[in-house]
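One structure below.
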Amino acid sequence: MTTVSEAVARRSSIRAFLPDPVPTPLLAGILRRAARAPSGGNLQPWHVWLLNGPAMARFRAMMAPRIAEGITDPPEYAVYPERLGEPYRSRRFAVGEAMYALLGIPREDRAARRRWFARNWDFFGAPAAAFVFVDRGMGPPQWSDLGGYLQTVMLLAVEAGLATCPQEAWYLHHRAVRRFLGAPQELMLFCGVAIGHPDPDAAVNRLHSDRAPEAEWLRVVED
């Protein structure tokens, strides 16, 4: 049995999946058990759609012409602050460069980097995915509750021998996602989550992002 500590240590954002199918009951069970995540006032603000099986093929077919034509939707939220200061800007740059180094894509090859980013719209080859929405009336505290729910999903996936990749990039296609799923307008798309078995031979899956030293962010007060 995988311990929580082991799941935390092993979890990473996987960007190359095997095509092997994952049973829907297993995935639905993970999403259901993750709903034990805490939320302020027990609001449980997450709304989740699971895509698997033939529905994934239909979704990919729907997305293909949009991607080919470069169509995106006006963003409804900013993934990063407009002026991202230090040390956050450097961390974002460093993890991106580490990923492209594993892929063998140099900084000046912008076309190759764009092609790689476009793999988001294929869920990096994952056979299943979840889309997480939140009611538009919710505020930052409830958005933080989504993070707790998502982390619980990802740790339970590790326990089940699966891997995940949370994808805020889907904010660029929120209207297309909503139409396909039939999600009501009062819900805002937060992210997608690719789910499946990791490709053990993919170099990009060796990416293990650094963590800041605790002296930089942890303060212990005892006296």
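Chains: A, B, ... in order of the structure tokens. Residues: from 1 per chain. Ligands: from 1, in order shown.
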Using only C-alpha atoms, what does the table of segment 64-104 of chain A residues within 12 Å of segment 8-31 of chain A look like, with each row giving the shortest atom pair and its distance in Å to one decimal, sorted by chain and ascending number, as CSV?
```
residue,atom,partner,partner_atom,distance
A:Val95,CA,A:Ser13,CA,11.6
A:Met99,CA,A:Arg15,CA,9.8
A:Tyr100,CA,A:Arg15,CA,11.8
A:Leu102,CA,A:Arg15,CA,11.7
A:Leu103,CA,A:Arg15,CA,10.9
```
Shell of 9 Å around Tyr149 of chain A, only C-alpha atoms, local chain residues under 5 positions omitted, as a tab-separated table (two decimals) with N, CA and C atoms, in the first residue's frame:
```tsv
chain	number	residue	atom	x	y	z
A	31	LEU	N	-12.13	10.25	-8.34
A	31	LEU	CA	-12.75	11.57	-8.29
A	31	LEU	C	-13.76	11.66	-7.14
A	34	ALA	N	-11.89	11.75	-3.72
A	34	ALA	CA	-11.19	13.02	-3.53
A	34	ALA	C	-12.12	14.10	-2.98
A	35	ALA	N	-13.43	13.89	-3.09
A	35	ALA	CA	-14.38	14.88	-2.58
A	35	ALA	C	-14.38	14.98	-1.06
A	36	ARG	N	-13.59	14.14	-0.38
A	36	ARG	CA	-13.38	14.29	1.05
A	36	ARG	C	-12.38	15.41	1.34
A	37	ALA	N	-11.84	16.04	0.31
A	37	ALA	CA	-10.93	17.17	0.50
A	37	ALA	C	-11.66	18.28	1.26
A	38	PRO	N	-10.94	19.05	2.08
A	38	PRO	CA	-11.60	20.11	2.86
A	38	PRO	C	-12.00	21.28	1.98
A	39	SER	N	-13.04	21.97	2.42
A	39	SER	CA	-13.45	23.22	1.77
A	39	SER	C	-14.10	24.11	2.82
A	44	GLN	N	-17.72	22.73	-0.93
A	44	GLN	CA	-17.39	21.75	-1.97
A	44	GLN	C	-17.63	22.36	-3.36
A	46	TRP	N	-16.19	22.37	-6.23
A	46	TRP	CA	-15.74	21.75	-7.48
A	46	TRP	C	-16.91	21.09	-8.23
A	144	SER	N	-9.09	28.26	-3.97
A	144	SER	CA	-8.05	27.52	-3.25
A	144	SER	C	-8.55	26.13	-2.86
A	154	MET	N	-4.85	13.79	-7.43
A	154	MET	CA	-3.55	13.37	-7.96
A	154	MET	C	-2.84	12.37	-7.06
```
If DSSP is run on the backbone, what residues of chain A are alpha helix (DSSP H)? A reply as an MDAnalysis selection string would be ideal. chainID A and resid 4:10 24:33 54:69 88:103 110:117 140:159 174:181 214:217
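Proximity of A:Pro127, A:Pro184, A:Gly147, A:Pro140 to Ala163 of chain A, computed with only C-alpha atoms, is greatest for A:Pro127.
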Here is a test: counting only C-alpha atoms, which residue of A:Ala111, A:Met188, A:Val177, A:Val4 is nearest to Gly139 of chain A?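 Smallest separation from Gly139 of chain A among the options: A:Met188.
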Mind checking which residues fall within 12 Å of Leu150 of chain A, counting only C-alpha atoms, ignoring those fewer than 5 positions away in the same chain, and posting them as a PDB file with C-alpha atoms, in the first residue's frame?
```pdb
ATOM      1  CA  ILE A  30     -10.757   8.434  -7.506  1.00  0.00           C
ATOM      2  CA  LEU A  31     -12.755  11.569  -8.287  1.00  0.00           C
ATOM      3  CA  ARG A  32     -15.455  10.549  -5.814  1.00  0.00           C
ATOM      4  CA  ARG A  33     -13.065   9.762  -2.934  1.00  0.00           C
ATOM      5  CA  ALA A  34     -11.195  13.024  -3.528  1.00  0.00           C
ATOM      6  CA  ALA A  35     -14.383  14.881  -2.585  1.00  0.00           C
ATOM      7  CA  ARG A  36     -13.380  14.290   1.047  1.00  0.00           C
ATOM      8  CA  ALA A  37     -10.926  17.169   0.504  1.00  0.00           C
ATOM      9  CA  PRO A  38     -11.600  20.108   2.861  1.00  0.00           C
ATOM     10  CA  PRO A  45     -17.170  24.181  -4.913  1.00  0.00           C
ATOM     11  CA  TRP A  46     -15.741  21.746  -7.479  1.00  0.00           C
ATOM     12  CA  HIS A  47     -17.785  20.547 -10.458  1.00  0.00           C
ATOM     13  CA  VAL A  48     -16.104  17.760 -12.407  1.00  0.00           C
ATOM     14  CA  ALA A 130     -11.191  15.385 -16.048  1.00  0.00           C
ATOM     15  CA  PHE A 131     -12.339  18.977 -16.386  1.00  0.00           C
ATOM     16  CA  VAL A 132     -12.799  20.975 -13.192  1.00  0.00           C
ATOM     17  CA  PHE A 133     -15.205  23.924 -13.040  1.00  0.00           C
ATOM     18  CA  TRP A 143     -10.615  28.590  -5.841  1.00  0.00           C
ATOM     19  CA  SER A 144      -8.054  27.521  -3.247  1.00  0.00           C
ATOM     20  CA  ASP A 145     -10.433  24.700  -2.297  1.00  0.00           C
ATOM     21  CA  LEU A 155      -2.378  11.568  -4.821  1.00  0.00           C
ATOM     22  CA  LEU A 156      -5.147   8.981  -5.112  1.00  0.00           C
ATOM     23  CA  ALA A 157      -4.112   8.478  -8.742  1.00  0.00           C
ATOM     24  CA  THR A 164      -1.709  12.933 -13.925  1.00  0.00           C
ATOM     25  CA  CYS A 165      -0.986  16.329 -15.392  1.00  0.00           C
ATOM     26  CA  PRO A 166      -3.057  19.324 -14.259  1.00  0.00           C
ATOM     27  CA  GLN A 167      -3.521  21.649 -17.248  1.00  0.00           C
ATOM     28  CA  GLU A 168      -4.568  25.244 -16.748  1.00  0.00           C
ATOM     29  CA  PHE A 190     -10.533  26.132 -14.124  1.00  0.00           C
ATOM     30  CA  CYS A 191      -8.424  23.344 -15.612  1.00  0.00           C
ATOM     31  CA  GLY A 192      -8.205  19.952 -17.204  1.00  0.00           C
ATOM     32  CA  VAL A 193      -6.370  16.969 -15.742  1.00  0.00           C
ATOM     33  CA  ALA A 194      -4.818  14.334 -18.003  1.00  0.00           C
TER      34      ALA A 194
END
```
Which of A:Arg107, A:His173, A:Arg114, A:Arg92 sits closest to Glu76 of chain A [using only C-alpha atoms]: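 Of the candidates, the smallest distance to Glu76 of chain A is held by A:His173.
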Which residues are near Ala64 of chain A? Cut-off 12 Å, only C-alpha atoms, ignore same chain within fewer than 4 positions. Put them as JSON, numbers by chain. {"A": [57, 58, 59, 60, 68, 69, 70, 71, 118, 119, 121, 122, 176]}
Selected residues written out, N, CA and C atoms, as a PDB file, in the first residue's frame:
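In the end it all went to part_20.pdb:
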```pdb
ATOM      1  N   ALA A  57     -12.258  10.255 -27.897  1.00  0.00           N
ATOM      2  CA  ALA A  57     -12.028  10.312 -29.342  1.00  0.00           C
ATOM      3  C   ALA A  57     -12.885  11.410 -29.972  1.00  0.00           C
ATOM      4  N   ARG A  58     -14.129  11.532 -29.538  1.00  0.00           N
ATOM      5  CA  ARG A  58     -15.001  12.574 -30.076  1.00  0.00           C
ATOM      6  C   ARG A  58     -14.503  13.961 -29.685  1.00  0.00           C
ATOM      7  N   PHE A  59     -14.001  14.086 -28.461  1.00  0.00           N
ATOM      8  CA  PHE A  59     -13.488  15.388 -28.021  1.00  0.00           C
ATOM      9  C   PHE A  59     -12.253  15.781 -28.825  1.00  0.00           C
ATOM     10  N   ARG A  60     -11.353  14.845 -29.033  1.00  0.00           N
ATOM     11  CA  ARG A  60     -10.150  15.133 -29.819  1.00  0.00           C
ATOM     12  C   ARG A  60     -10.527  15.525 -31.248  1.00  0.00           C
ATOM     13  N   ALA A  68      -5.758  23.251 -35.527  1.00  0.00           N
ATOM     14  CA  ALA A  68      -5.162  23.446 -36.850  1.00  0.00           C
ATOM     15  C   ALA A  68      -5.294  24.892 -37.315  1.00  0.00           C
ATOM     16  N   GLU A  69      -6.412  25.541 -36.956  1.00  0.00           N
ATOM     17  CA  GLU A  69      -6.650  26.914 -37.394  1.00  0.00           C
ATOM     18  C   GLU A  69      -6.176  27.945 -36.378  1.00  0.00           C
ATOM     19  N   GLY A  70      -5.642  27.492 -35.266  1.00  0.00           N
ATOM     20  CA  GLY A  70      -5.139  28.423 -34.255  1.00  0.00           C
ATOM     21  C   GLY A  70      -6.224  29.182 -33.519  1.00  0.00           C
ATOM     22  N   ILE A  71      -7.412  28.595 -33.421  1.00  0.00           N
ATOM     23  CA  ILE A  71      -8.534  29.257 -32.743  1.00  0.00           C
ATOM     24  C   ILE A  71      -8.408  29.087 -31.238  1.00  0.00           C
ATOM     25  N   ALA A 118       1.401  22.442 -28.017  1.00  0.00           N
ATOM     26  CA  ALA A 118       0.129  22.002 -28.611  1.00  0.00           C
ATOM     27  C   ALA A 118      -0.247  20.598 -28.168  1.00  0.00           C
ATOM     28  N   ARG A 119       0.697  19.853 -27.618  1.00  0.00           N
ATOM     29  CA  ARG A 119       0.376  18.518 -27.110  1.00  0.00           C
ATOM     30  C   ARG A 119      -0.568  18.585 -25.906  1.00  0.00           C
ATOM     31  N   TRP A 121      -3.358  19.881 -26.004  1.00  0.00           N
ATOM     32  CA  TRP A 121      -4.711  19.664 -26.516  1.00  0.00           C
ATOM     33  C   TRP A 121      -4.978  18.204 -26.838  1.00  0.00           C
ATOM     34  N   ASP A 122      -3.954  17.375 -26.745  1.00  0.00           N
ATOM     35  CA  ASP A 122      -4.106  15.920 -26.868  1.00  0.00           C
ATOM     36  C   ASP A 122      -3.955  15.253 -25.502  1.00  0.00           C
ATOM     37  N   ALA A 176     -15.126  25.971 -26.029  1.00  0.00           N
ATOM     38  CA  ALA A 176     -15.218  24.696 -26.744  1.00  0.00           C
ATOM     39  C   ALA A 176     -15.450  23.552 -25.767  1.00  0.00           C
TER      40      ALA A 176
END
```
Among segment 57-210 of chain A, which ones does DSSP place in strand (DSSP E), written as number ranges by chain? A: 128-135, 163-167, 187-196
Have a look at atom CA of Met62 of chain A and atom CA of Phe180 of chain A and let me know their distance in Å, one decimal.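 Atom-to-atom, atom CA of Met62 of chain A and atom CA of Phe180 of chain A are spaced 8.2 Å apart.
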Between atom CA of Glu6 of chain A and atom CA of Glu159 of chain A, what is the distance, to one decimal in Å?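 Separation between atom CA of Glu6 of chain A and atom CA of Glu159 of chain A: 8.9 Å.
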Distance atom CA of Thr2 of chain A-atom CA of Phe123 of chain A, one decimal place?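 Answer for the atom CA of Thr2 of chain A to atom CA of Phe123 of chain A separation: 25.7 Å.
When only C-alpha atoms are used to measure the gap to Pro75 of chain A, the shortest distance among A:Val158, A:Arg178, A:Trp170, A:Phe93 belongs to A:Trp170.
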Nearest to Ile195 of chain A: which of A:Ala169, A:Ala94, A:Ala126, A:Leu207 is it, counting only C-alpha atoms? A:Ala126
Option closest in space to Glu186 of chain A, from A:Gly137, A:Gly41, A:Pro106, A:Pro65 [counting only C-alpha atoms]: A:Gly137
